[in-house]
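Asks: Sharing protein-v7.txt, compact mmCIF, C-alpha atoms and all ligand atoms:
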```
# COMPACT_ATOMS: atom_id res chain seq x y z
CA MET A 1 -119.43 62.13 166.18
CA ALA A 2 -120.63 62.60 162.61
CA LYS A 3 -121.83 59.52 160.84
CA GLU A 4 -119.40 58.14 158.28
CA TYR A 5 -120.24 57.50 154.66
CA SER A 6 -122.04 54.28 153.85
CA PRO A 7 -119.60 51.42 153.27
CA PHE A 8 -122.04 49.84 150.82
CA THR A 9 -121.87 50.15 147.06
CA PRO A 10 -125.16 49.00 145.59
CA GLY A 11 -124.96 48.29 141.89
CA VAL A 12 -121.27 48.77 141.23
CA PRO A 13 -118.44 46.23 141.48
CA VAL A 14 -117.29 46.08 145.08
CA PRO A 15 -114.09 47.92 146.16
CA ILE A 16 -111.29 45.46 146.87
CA GLU A 17 -111.32 46.07 150.65
CA PHE A 18 -115.00 45.05 150.94
CA PHE A 19 -114.70 42.01 148.72
CA VAL A 20 -115.55 38.78 150.54
CA GLY A 21 -115.48 35.09 149.68
CA ARG A 22 -115.01 33.68 146.19
CA GLU A 23 -111.67 32.15 147.18
CA ASN A 24 -112.02 29.13 144.89
CA GLU A 25 -113.17 31.15 141.93
CA THR A 26 -110.41 33.74 142.29
CA THR A 27 -107.81 31.01 142.67
CA GLU A 28 -109.10 29.24 139.58
CA ILE A 29 -108.71 32.34 137.43
CA VAL A 30 -105.35 33.33 138.88
CA THR A 31 -104.03 29.78 138.40
CA LYS A 32 -104.97 29.98 134.75
CA VAL A 33 -103.08 33.22 134.43
CA ALA A 34 -100.06 31.62 136.09
CA LYS A 35 -100.18 28.72 133.65
CA SER A 36 -100.63 31.02 130.67
CA VAL A 37 -97.56 33.02 131.69
CA ALA A 38 -95.43 29.97 132.48
CA LYS A 39 -96.28 28.03 129.35
CA LYS A 40 -97.12 30.96 127.08
CA THR A 41 -100.54 29.52 126.32
CA LEU A 42 -104.02 30.87 125.76
CA GLU A 43 -106.21 30.09 128.79
CA ARG A 44 -109.96 30.53 128.55
CA VAL A 45 -112.71 30.84 131.09
CA PHE A 46 -116.37 31.84 131.05
CA ILE A 47 -117.81 33.37 134.23
CA THR A 48 -121.53 33.20 134.51
CA GLY A 49 -124.27 33.76 137.06
CA GLU A 50 -127.44 35.71 137.59
CA ARG A 51 -127.72 39.46 137.42
CA GLY A 52 -125.96 41.07 140.37
CA ILE A 53 -124.38 37.86 141.64
CA GLY A 54 -120.86 39.30 141.53
CA LYS A 55 -119.36 38.45 138.15
CA SER A 56 -117.74 41.84 137.59
CA SER A 57 -116.53 42.06 141.19
CA LEU A 58 -114.87 38.67 140.92
CA CYS A 59 -113.17 39.67 137.67
CA ARG A 60 -111.94 42.89 139.19
CA MET A 61 -110.41 41.03 142.14
CA ALA A 62 -108.83 38.39 139.91
CA VAL A 63 -107.33 41.09 137.67
CA ARG A 64 -105.84 42.83 140.69
CA ILE A 65 -104.25 39.66 142.08
CA ALA A 66 -103.03 38.44 138.69
CA GLU A 67 -101.36 41.79 138.00
CA GLU A 68 -99.54 41.69 141.30
CA LYS A 69 -98.60 38.04 141.42
CA HIS A 70 -97.92 37.22 137.81
CA ALA A 71 -96.91 40.54 136.30
CA VAL A 72 -99.56 40.55 133.59
CA ILE A 73 -101.40 43.50 132.14
CA GLY A 74 -105.00 43.10 133.24
CA LEU A 75 -107.69 44.68 131.10
CA HIS A 76 -111.26 44.53 132.39
CA VAL A 77 -113.35 45.77 129.50
CA PHE A 78 -117.10 46.36 129.69
CA LEU A 79 -118.84 45.64 126.42
CA GLY A 80 -122.39 46.72 127.33
CA GLY A 81 -124.01 48.13 124.21
CA VAL A 82 -121.21 46.93 121.94
CA THR A 83 -122.40 45.07 118.86
CA SER A 84 -119.38 45.15 116.54
CA LEU A 85 -115.95 43.57 116.78
CA GLU A 86 -114.34 46.83 115.74
CA GLU A 87 -115.89 48.65 118.67
CA MET A 88 -114.84 45.81 120.97
CA VAL A 89 -111.22 46.09 119.84
CA ARG A 90 -111.39 49.86 120.13
CA ARG A 91 -112.52 49.58 123.73
CA ILE A 92 -109.78 47.06 124.54
CA PHE A 93 -107.05 49.36 123.23
CA GLU A 94 -108.63 52.44 124.76
CA HIS A 95 -108.63 50.62 128.08
CA LEU A 96 -105.03 49.55 127.58
CA LEU A 97 -104.08 53.19 127.10
CA GLN A 98 -105.97 54.45 130.16
CA GLU A 99 -104.82 51.65 132.44
CA SER A 100 -101.17 51.97 131.48
CA ARG A 101 -100.80 55.71 131.88
CA ASP A 102 -99.16 55.73 135.28
CA ARG A 103 -97.40 52.41 134.93
CA ASN A 104 -93.76 51.79 134.22
CA TRP A 105 -94.60 50.00 130.96
CA PHE A 106 -96.38 52.99 129.48
CA ASP A 107 -93.59 53.71 126.99
CA GLY A 108 -94.05 50.27 125.47
CA VAL A 109 -97.80 50.85 125.15
CA LYS A 110 -97.14 54.23 123.57
CA ARG A 111 -94.81 52.68 121.00
CA PHE A 112 -97.39 50.00 120.27
CA LEU A 113 -100.37 52.33 119.84
CA GLY A 114 -98.20 54.85 117.99
CA ASN A 115 -99.98 57.68 116.28
CA HIS A 116 -103.38 56.39 117.35
CA ILE A 117 -102.91 58.22 120.64
CA LYS A 118 -104.44 61.68 120.67
CA GLU A 119 -104.23 64.36 123.30
CA VAL A 120 -107.70 65.53 124.18
CA GLY A 121 -109.42 67.84 126.64
CA LEU A 122 -109.10 71.54 127.07
CA PHE A 123 -105.43 71.43 128.07
CA GLY A 124 -104.50 68.29 126.23
CA VAL A 125 -103.97 66.46 129.50
CA SER A 126 -106.12 63.47 128.64
CA LEU A 127 -105.17 60.81 126.17
CA ALA A 128 -107.58 59.03 123.90
CA PHE A 129 -107.23 56.12 121.56
CA ASP A 130 -108.26 57.12 118.10
CA ALA A 131 -108.08 54.81 115.11
CA PRO A 132 -109.88 54.79 111.78
CA GLN A 133 -112.34 51.99 111.04
CA ARG A 134 -109.90 50.44 108.58
CA ASP A 135 -107.22 50.00 111.26
CA LEU A 136 -109.77 48.63 113.71
CA SER A 137 -110.92 46.00 111.21
CA GLN A 138 -107.29 45.06 110.70
CA ALA A 139 -106.81 44.75 114.46
CA VAL A 140 -109.87 42.48 114.66
CA SER A 141 -108.46 40.04 112.14
CA ASP A 142 -104.90 40.31 113.45
CA PHE A 143 -105.84 40.28 117.12
CA GLY A 144 -103.42 37.53 118.21
CA PRO A 145 -100.42 38.96 116.31
CA SER A 146 -101.16 42.48 117.61
CA LEU A 147 -101.13 41.28 121.20
CA ARG A 148 -97.79 39.55 120.59
CA LYS A 149 -96.48 42.80 119.21
CA LEU A 150 -97.76 44.66 122.25
CA LEU A 151 -95.96 42.31 124.62
CA SER A 152 -92.70 42.50 122.72
CA SER A 153 -92.97 46.28 122.62
CA ILE A 154 -93.35 46.34 126.41
CA GLY A 155 -90.48 43.95 127.04
CA PRO A 156 -89.79 41.91 130.19
CA GLN A 157 -91.71 44.19 132.57
CA ARG A 158 -95.02 42.47 131.85
CA LYS A 159 -95.17 38.77 131.14
CA GLY A 160 -98.60 38.26 129.70
CA LEU A 161 -102.12 39.56 129.30
CA LEU A 162 -105.38 38.99 131.09
CA ILE A 163 -108.33 40.31 129.13
CA VAL A 164 -111.80 40.24 130.67
CA LEU A 165 -114.68 40.86 128.28
CA ASP A 166 -117.53 41.71 130.65
CA ASP A 167 -121.23 42.36 129.90
CA LEU A 168 -121.23 40.48 126.65
CA ASN A 169 -124.88 41.33 125.89
CA GLY A 170 -124.93 42.54 122.30
CA LEU A 171 -122.00 40.46 121.16
CA ALA A 172 -123.36 37.19 122.54
CA THR A 173 -125.88 36.96 119.72
CA SER A 174 -123.40 37.97 117.06
CA ALA A 175 -122.22 35.18 114.78
CA ALA A 176 -119.22 37.34 113.91
CA PHE A 177 -118.14 37.39 117.57
CA ALA A 178 -118.58 33.64 118.04
CA ASN A 179 -116.58 32.93 114.89
CA TRP A 180 -113.92 35.46 115.81
CA LEU A 181 -113.47 33.77 119.19
CA LYS A 182 -113.22 30.34 117.63
CA SER A 183 -110.64 31.49 115.06
CA LEU A 184 -108.63 33.34 117.69
CA VAL A 185 -108.44 30.21 119.82
CA ASP A 186 -107.53 28.02 116.83
CA GLU A 187 -105.04 30.52 115.53
CA ILE A 188 -103.21 30.80 118.83
CA ALA A 189 -103.29 27.05 119.37
CA THR A 190 -101.76 26.29 116.00
CA GLY A 191 -99.65 29.42 115.63
CA ARG A 192 -95.93 29.00 115.64
CA GLU A 193 -95.51 31.90 118.00
CA LEU A 194 -96.77 31.59 121.53
CA LEU A 195 -99.00 34.08 123.31
CA PRO A 196 -99.44 34.24 127.09
CA LEU A 197 -103.05 35.39 127.12
CA THR A 198 -105.88 34.57 129.54
CA LEU A 199 -109.25 35.40 128.08
CA VAL A 200 -112.15 35.71 130.49
CA LEU A 201 -115.71 36.17 129.28
CA ALA A 202 -118.34 37.26 131.79
CA GLY A 203 -122.07 37.32 131.23
CA LEU A 204 -125.49 36.04 132.20
CA PRO A 205 -126.24 32.35 131.64
CA GLU A 206 -128.48 33.17 128.69
CA ARG A 207 -125.63 35.05 127.01
CA ARG A 208 -123.50 31.96 127.25
CA ARG A 209 -126.33 29.88 125.82
CA GLN A 210 -126.76 32.30 122.93
CA LEU A 211 -123.06 32.22 122.17
CA LEU A 212 -122.97 28.42 122.19
CA GLU A 213 -125.99 28.22 119.91
CA THR A 214 -124.00 30.05 117.26
CA GLN A 215 -120.74 28.21 117.79
CA PRO A 216 -121.27 24.98 119.80
CA SER A 217 -117.61 24.04 119.86
CA LEU A 218 -116.89 27.02 122.12
CA ASP A 219 -118.40 24.95 124.92
CA ARG A 220 -115.27 22.79 125.04
CA VAL A 221 -113.01 25.78 124.64
CA PHE A 222 -114.05 27.76 127.72
CA ASP A 223 -113.94 26.39 131.24
CA LEU A 224 -117.01 27.42 133.14
CA ILE A 225 -117.19 29.18 136.50
CA SER A 226 -120.76 29.58 137.80
CA ILE A 227 -121.13 31.99 140.69
CA ARG A 228 -123.47 31.17 143.55
CA PRO A 229 -124.96 33.35 146.31
CA PHE A 230 -122.99 33.62 149.56
CA ASP A 231 -123.66 31.23 152.39
CA GLU A 232 -124.66 32.34 155.87
CA ALA A 233 -121.12 32.67 157.23
CA GLN A 234 -119.89 34.70 154.26
CA THR A 235 -122.96 36.96 154.34
CA LYS A 236 -122.49 37.69 158.04
CA GLN A 237 -118.78 38.22 157.58
CA PHE A 238 -119.52 40.74 154.83
CA PHE A 239 -121.89 42.77 157.05
CA GLN A 240 -119.59 42.60 160.08
CA GLN A 241 -116.68 43.80 158.02
CA ALA A 242 -118.62 46.59 156.31
CA PHE A 243 -120.08 47.99 159.53
CA ASN A 244 -116.78 47.66 161.39
CA LYS A 245 -115.05 49.67 158.68
CA VAL A 246 -117.22 52.66 159.64
CA ASN A 247 -116.94 52.04 163.39
CA MET A 248 -120.42 50.62 163.80
CA ARG A 249 -121.52 47.54 165.68
CA ILE A 250 -124.13 45.06 164.59
CA THR A 251 -125.99 42.68 166.86
CA PRO A 252 -126.33 38.95 166.08
CA GLU A 253 -130.14 39.38 165.78
CA ALA A 254 -129.71 42.14 163.21
CA LEU A 255 -127.21 39.99 161.33
CA ASN A 256 -129.79 37.23 161.17
CA VAL A 257 -132.38 39.56 159.65
CA LEU A 258 -129.92 40.81 157.04
CA TRP A 259 -128.95 37.26 156.16
CA GLN A 260 -132.55 36.02 155.94
CA PHE A 261 -133.76 38.78 153.68
CA SER A 262 -130.74 39.06 151.44
CA GLY A 263 -130.44 35.33 150.85
CA GLY A 264 -126.70 35.86 150.45
CA TYR A 265 -127.39 37.49 147.13
CA PRO A 266 -124.62 40.09 146.63
CA VAL A 267 -126.63 42.84 145.00
CA PHE A 268 -129.20 42.62 147.82
CA LEU A 269 -126.49 42.60 150.47
CA HIS A 270 -125.49 46.08 149.42
CA GLU A 271 -129.01 47.46 148.96
CA ILE A 272 -130.19 46.13 152.32
CA GLY A 273 -126.94 47.00 154.12
CA ASP A 274 -127.09 50.53 152.78
CA ALA A 275 -130.70 50.93 153.93
CA ALA A 276 -129.89 49.53 157.41
CA PHE A 277 -126.93 51.91 157.61
CA LYS A 278 -129.28 54.82 156.91
CA ALA A 279 -131.92 53.55 159.33
CA ASP A 280 -129.50 53.45 162.23
CA SER A 281 -128.91 56.53 164.34
CA ASP A 282 -126.76 55.39 167.27
CA GLY A 283 -123.85 53.50 165.73
CA ALA A 284 -125.20 50.09 166.71
CA VAL A 285 -127.28 48.26 164.14
CA GLU A 286 -129.99 46.40 166.01
CA LYS A 287 -132.80 44.14 164.85
CA ASN A 288 -135.20 47.07 164.36
CA ASP A 289 -132.71 49.02 162.26
CA ALA A 290 -132.16 45.91 160.16
CA LEU A 291 -135.90 45.43 159.66
CA SER A 292 -136.57 49.03 158.71
CA GLY A 293 -133.60 48.76 156.38
CA VAL A 294 -135.14 45.72 154.73
CA ILE A 295 -138.48 47.52 154.30
CA SER A 296 -136.98 50.53 152.61
CA ALA A 297 -134.63 48.38 150.54
CA ALA A 298 -137.66 46.48 149.21
CA LYS A 299 -138.88 49.69 147.58
CA VAL A 300 -135.50 50.51 146.08
CA ILE A 301 -135.04 46.96 144.83
CA GLY A 302 -138.51 46.97 143.27
CA ALA A 303 -137.75 50.17 141.41
CA LYS A 304 -134.25 49.18 140.33
CA TYR A 305 -134.41 45.50 139.54
CA ILE A 306 -137.99 44.44 138.86
CA GLU A 307 -139.59 45.14 135.50
CA PRO A 308 -142.53 47.59 135.57
CA LYS A 309 -144.83 45.00 134.00
CA VAL A 310 -144.24 42.70 136.98
CA LEU A 311 -144.77 45.53 139.47
CA ASP A 312 -148.01 46.48 137.68
CA ALA A 313 -149.22 42.89 137.80
CA ILE A 314 -148.82 42.64 141.56
CA TRP A 315 -150.55 45.91 142.30
CA SER A 316 -153.88 44.42 143.48
CA THR A 317 -154.32 43.98 147.22
CA ARG A 318 -155.15 40.32 146.96
CA TYR A 319 -152.13 39.60 144.82
CA ARG A 320 -149.94 41.46 147.27
CA GLY A 321 -151.44 39.39 150.04
CA ILE A 322 -150.49 36.24 148.17
CA LEU A 323 -146.97 37.17 147.41
CA ARG A 324 -146.31 38.15 150.98
CA LYS A 325 -147.23 34.62 151.94
CA ILE A 326 -145.32 32.69 149.32
CA PHE A 327 -142.62 32.13 151.88
CA PRO A 328 -143.27 31.33 155.53
CA ILE A 329 -142.50 34.19 157.91
CA GLU A 330 -139.25 32.54 159.01
CA PRO A 331 -137.94 31.81 155.55
CA PRO A 332 -136.36 28.38 155.25
CA HIS A 333 -133.77 29.62 152.79
CA GLU A 334 -135.32 27.68 150.02
CA PHE A 335 -135.74 30.68 147.81
CA THR A 336 -136.11 29.04 144.49
CA HIS A 337 -139.38 27.15 144.73
CA PHE A 338 -142.70 26.73 146.52
CA THR A 339 -145.71 24.45 146.28
CA LYS A 340 -149.26 25.51 145.66
CA ALA A 341 -150.53 23.13 148.37
CA GLU A 342 -148.38 24.74 151.07
CA LEU A 343 -149.09 28.26 149.89
CA ILE A 344 -152.86 27.90 149.83
CA LYS A 345 -152.86 26.94 153.52
CA ARG A 346 -151.46 30.37 154.34
CA LEU A 347 -154.00 32.35 152.29
CA SER A 348 -157.29 33.98 153.27
CA SER A 349 -160.35 32.68 151.39
CA GLU A 350 -160.39 35.86 149.26
CA GLU A 351 -156.78 35.34 148.30
CA ALA A 352 -157.27 31.64 147.65
CA LYS A 353 -159.96 32.47 145.08
CA VAL A 354 -157.53 34.40 142.91
CA LEU A 355 -154.54 32.11 143.40
CA ASP A 356 -154.86 30.34 140.06
CA ASN A 357 -155.08 33.63 138.21
CA PHE A 358 -152.09 34.90 140.12
CA LEU A 359 -150.01 31.85 139.24
CA GLN A 360 -151.03 32.03 135.58
CA LYS A 361 -150.13 35.68 135.39
CA MET A 362 -146.73 35.17 137.02
CA LYS A 363 -146.07 32.34 134.60
CA ARG A 364 -146.98 34.48 131.63
CA LEU A 365 -144.65 37.23 132.84
CA GLY A 366 -141.82 34.76 133.16
CA VAL A 367 -141.50 35.24 136.93
CA ILE A 368 -142.16 31.59 137.78
CA HIS A 369 -142.32 28.37 135.85
CA GLN A 370 -143.59 24.94 136.69
CA SER A 371 -140.82 22.57 137.44
CA ALA A 372 -141.40 19.34 135.55
CA GLU A 373 -138.99 17.19 137.54
CA MET A 374 -140.56 18.10 140.89
CA GLY A 375 -144.08 17.27 139.84
CA LYS A 376 -147.47 18.99 139.70
CA GLY A 377 -148.09 22.00 141.94
CA HIS A 378 -144.40 22.89 142.25
CA TYR A 379 -143.36 26.31 141.10
CA GLN A 380 -139.92 27.68 140.63
CA PHE A 381 -138.77 31.28 140.36
CA THR A 382 -136.95 31.99 137.13
CA SER A 383 -134.53 34.26 138.97
CA ALA A 384 -133.47 34.68 142.59
CA LEU A 385 -134.12 38.39 142.15
CA TYR A 386 -137.85 37.73 141.89
CA ALA A 387 -137.89 35.28 144.76
CA LEU A 388 -136.08 37.68 147.06
CA PHE A 389 -138.19 40.62 146.00
CA PHE A 390 -141.31 38.67 146.91
CA LEU A 391 -139.75 37.65 150.18
CA LEU A 392 -139.03 41.28 150.98
CA GLN A 393 -142.73 42.08 150.66
CA ALA A 394 -143.25 40.17 153.87
CA ALA A 395 -140.83 42.36 155.81
CA PRO A 396 -143.39 44.86 157.15
CA GLN A 397 -145.39 41.99 158.74
CA LYS A 398 -142.27 40.64 160.29
CA ALA A 399 -141.43 44.06 161.68
CA ALA A 400 -144.94 44.47 163.12
CA ALA A 401 -144.82 40.99 164.66
CA ASN A 402 -141.54 41.95 166.21
CA ALA A 403 -142.61 45.27 167.69
N1 LIG A 501 -117.42 39.22 146.59
C1 LIG A 501 -118.18 40.28 146.91
N2 LIG A 501 -118.10 40.87 148.12
C2 LIG A 501 -118.88 41.92 148.43
N3 LIG A 501 -119.75 42.48 147.60
C3 LIG A 501 -119.91 41.95 146.38
C4 LIG A 501 -119.13 40.82 145.97
N4 LIG A 501 -119.49 40.50 144.72
C5 LIG A 501 -120.43 41.39 144.36
N5 LIG A 501 -120.69 42.27 145.32
C6 LIG A 501 -121.66 43.39 145.24
O1 LIG A 501 -122.85 42.90 144.65
C7 LIG A 501 -123.35 43.80 143.68
C8 LIG A 501 -123.33 43.15 142.31
O2 LIG A 501 -121.98 42.86 141.95
P1 LIG A 501 -121.46 42.87 140.45
O3 LIG A 501 -121.76 44.15 139.78
O4 LIG A 501 -120.05 42.43 140.51
O5 LIG A 501 -122.38 41.70 139.85
P2 LIG A 501 -122.55 41.21 138.35
O6 LIG A 501 -122.82 39.74 138.40
O7 LIG A 501 -121.40 41.67 137.55
O8 LIG A 501 -123.87 41.99 137.93
P3 LIG A 501 -124.44 42.24 136.47
O9 LIG A 501 -125.06 40.95 136.05
O10 LIG A 501 -125.45 43.33 136.67
O11 LIG A 501 -123.29 42.64 135.61
C9 LIG A 501 -122.49 45.05 143.77
O12 LIG A 501 -123.12 45.98 144.62
C10 LIG A 501 -121.19 44.55 144.36
O13 LIG A 501 -120.58 45.59 145.08
MG MG A 502 -121.31 42.89 135.93
```
Turn this file's structure into structure tokens for me.

Replies:
Amino acid sequence: MAKEYSPFTPGVPVPIEFFVGRENETTEIVTKVAKSVAKKTLERVFITGERGIGKSSLCRMAVRIAEEKHAVIGLHVFLGGVTSLEEMVRRIFEHLLQESRDRNWFDGVKRFLGNHIKEVGLFGVSLAFDAPQRDLSQAVSDFGPSLRKLLSSIGPQRKGLLIVLDDLNGLATSAAFANWLKSLVDEIATGRELLPLTLVLAGLPERRRQLLETQPSLDRVFDLISIRPFDEAQTKQFFQQAFNKVNMRITPEALNVLWQFSGGYPVFLHEIGDAAFKADSDGAVEKNDALSGVISAAKVIGAKYIEPKVLDAIWSTRYRGILRKIFPIEPPHEFTHFTKAELIKRLSSEEAKVLDNFLQKMKRLGVIHQSAEMGKGHYQFTSALYALFFLLQAAPQKAAANA
């Protein structure tokens, strides 16, 4: 029987059927949408978490459920690279157009967007949103009123809006964006007309910090959802489900390896799962397949997620020796920190000699920092991505020990 396609999707938001966990977070967002629709209020939430932790996937799931359960129009808009409010609004309306095409409220959207819809493509089969800068600026300042107009143009078929502004990057540092958000919230709160809108912002913790630096009162305005890695049960459930979908089995030992080396970190789950899928040849993922998967995933993860300056810095043999030993061979699932005293016990004398230099260098590169509250000799990784990447370096030893 030919092997099926990999059920894993490294790097892109997960398809709904492979989505696991996040019940509380999804419920929190969907409950806000329900309230917004029932009371015609503006509900606000900020979703944050490390790179690859599952912010976009959570938003996608919440949009899907909210559309079905509460008859809203859900718009999940990616703002990577966007630095102006006009471009943001353009993307929102463009998305509205594309998302509504095959829906029964499309006529209302067409009436609302009016002559800003253009037929494009060789046979005019695609539609594009096209508006001059002047109209976009107007839409920025009249954002609330335009959304009200959109909803009244659609009529009773859709009862509210859920707008997700994902990948805030460029806009997070923009004072114009922070002020626009604040005015939008104030305007809707004090406006005589109601607007059933749920606004979800999604971005890295530092984006949220940047935004709040510009406009501190936004802190009170947005409820915060911080996403955490999966726990052991959820991680194993994810792998079981994914392999079962393609008629493959996975042994409990292999599941343990995948859990230990992924740390429940979603982006790693997919990279490592994909590599284990490729490593297997008989339809049953065993411990050895899992370990060779982890070893090849370490390379991919290094190339995709770790900055070249960090990879360059760890090139020397002694440094590699050290970082393989940062975590004990059976990792305790304490990925975030380590102590110098424990680490030095695991090093050879050659490695021990360069340990201070190694730690200094990693500090300079922003990979680790010293944690003041834990005391001297305690180091913390600035991101779980680094910690897990270092942990993965130990995989070949583990495989050899296992053989
Ligand atoms: N609940 C989930 N179930 C299964 N896989 C998930 C889940 N959440 C995220 N993933 C997977 O993890 C990876 C990262 O997810 P996603 O792109 O949603 O993260 P993100 O936090 O938006 O990342 P970024 O910070 O890069 O925008 C993807 O491969 C995705 O398929
Ligand atoms: Mg994302």

Asks: Around ligand LIG 501 (chain A), at most 7 Å away and counting all atoms listed in the file, which residues are there? Put them as a PyMOL selection string, please.

Replies: chain A and resi 9-15+18-22+49-58+167+203-204+238+266-267+269-270

Asks: With C-alpha atoms retained, could you export that selection as an mmCIF file, in the frame of the given file?

Replies:
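See part-v9.cif below for the written result:
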```
data_model
loop_
_atom_site.group_PDB
_atom_site.id
_atom_site.type_symbol
_atom_site.label_atom_id
_atom_site.label_comp_id
_atom_site.auth_asym_id
_atom_site.auth_seq_id
_atom_site.Cartn_x
_atom_site.Cartn_y
_atom_site.Cartn_z
ATOM 1 C CA THR A 9 -121.870 50.150 147.060
ATOM 2 C CA PRO A 10 -125.160 49.000 145.590
ATOM 3 C CA GLY A 11 -124.960 48.290 141.890
ATOM 4 C CA VAL A 12 -121.270 48.770 141.230
ATOM 5 C CA PRO A 13 -118.440 46.230 141.480
ATOM 6 C CA VAL A 14 -117.290 46.080 145.080
ATOM 7 C CA PRO A 15 -114.090 47.920 146.160
ATOM 8 C CA PHE A 18 -115.000 45.050 150.940
ATOM 9 C CA PHE A 19 -114.700 42.010 148.720
ATOM 10 C CA VAL A 20 -115.550 38.780 150.540
ATOM 11 C CA GLY A 21 -115.480 35.090 149.680
ATOM 12 C CA ARG A 22 -115.010 33.680 146.190
ATOM 13 C CA GLY A 49 -124.270 33.760 137.060
ATOM 14 C CA GLU A 50 -127.440 35.710 137.590
ATOM 15 C CA ARG A 51 -127.720 39.460 137.420
ATOM 16 C CA GLY A 52 -125.960 41.070 140.370
ATOM 17 C CA ILE A 53 -124.380 37.860 141.640
ATOM 18 C CA GLY A 54 -120.860 39.300 141.530
ATOM 19 C CA LYS A 55 -119.360 38.450 138.150
ATOM 20 C CA SER A 56 -117.740 41.840 137.590
ATOM 21 C CA SER A 57 -116.530 42.060 141.190
ATOM 22 C CA LEU A 58 -114.870 38.670 140.920
ATOM 23 C CA ASP A 167 -121.230 42.360 129.900
ATOM 24 C CA GLY A 203 -122.070 37.320 131.230
ATOM 25 C CA LEU A 204 -125.490 36.040 132.200
ATOM 26 C CA PHE A 238 -119.520 40.740 154.830
ATOM 27 C CA PRO A 266 -124.620 40.090 146.630
ATOM 28 C CA VAL A 267 -126.630 42.840 145.000
ATOM 29 C CA LEU A 269 -126.490 42.600 150.470
ATOM 30 C CA HIS A 270 -125.490 46.080 149.420
#
```

Asks: For A:Phe358, which of A:Ile188, A:Val310, A:Leu171, A:Ala372 is the closest residue, counting only C-alpha atoms?

Replies: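 Selected residue with least distance to A:Phe358: A:Val310.
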
Asks: Check the smallest atom-to-atom distance from each of A:Glu67, A:Glu307, A:Asp274, A:Asp280 to A:Leu161 using all atoms listed in the file, then report the winner.

Replies: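 For A:Leu161, the nearest of the given residues is A:Glu67.
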
Asks: List the neighbours of stretch 248-252 of chain A out to 7 Å using all atoms listed in the file; skip same-chain residues closer than 6 positions along the sequence, and give me the result as a ChimeraX atom specification.

Replies: /A:240,283-286

Asks: Can you report as JSON the centre and edge lengths in Å, to one decimal, of an axis-aligned box around the listed atoms of stretch 174-193 of chain A padded with 6 Å on each side?

Replies:
```
{"center_x": -109.5, "center_y": 32.1, "center_z": 116.9, "size_x": 39.9, "size_y": 23.7, "size_z": 17.9}
```

Asks: Which residue out of A:Gly321, A:Pro7, A:Gly80, A:Gly155 has the minimum interatomic distance to ligand MG 502 (chain A) when only C-alpha atoms and all ligand atoms are used?

Replies: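 Counting only C-alpha atoms and all ligand atoms, the residue closest to ligand MG 502 (chain A) is A:Gly80.
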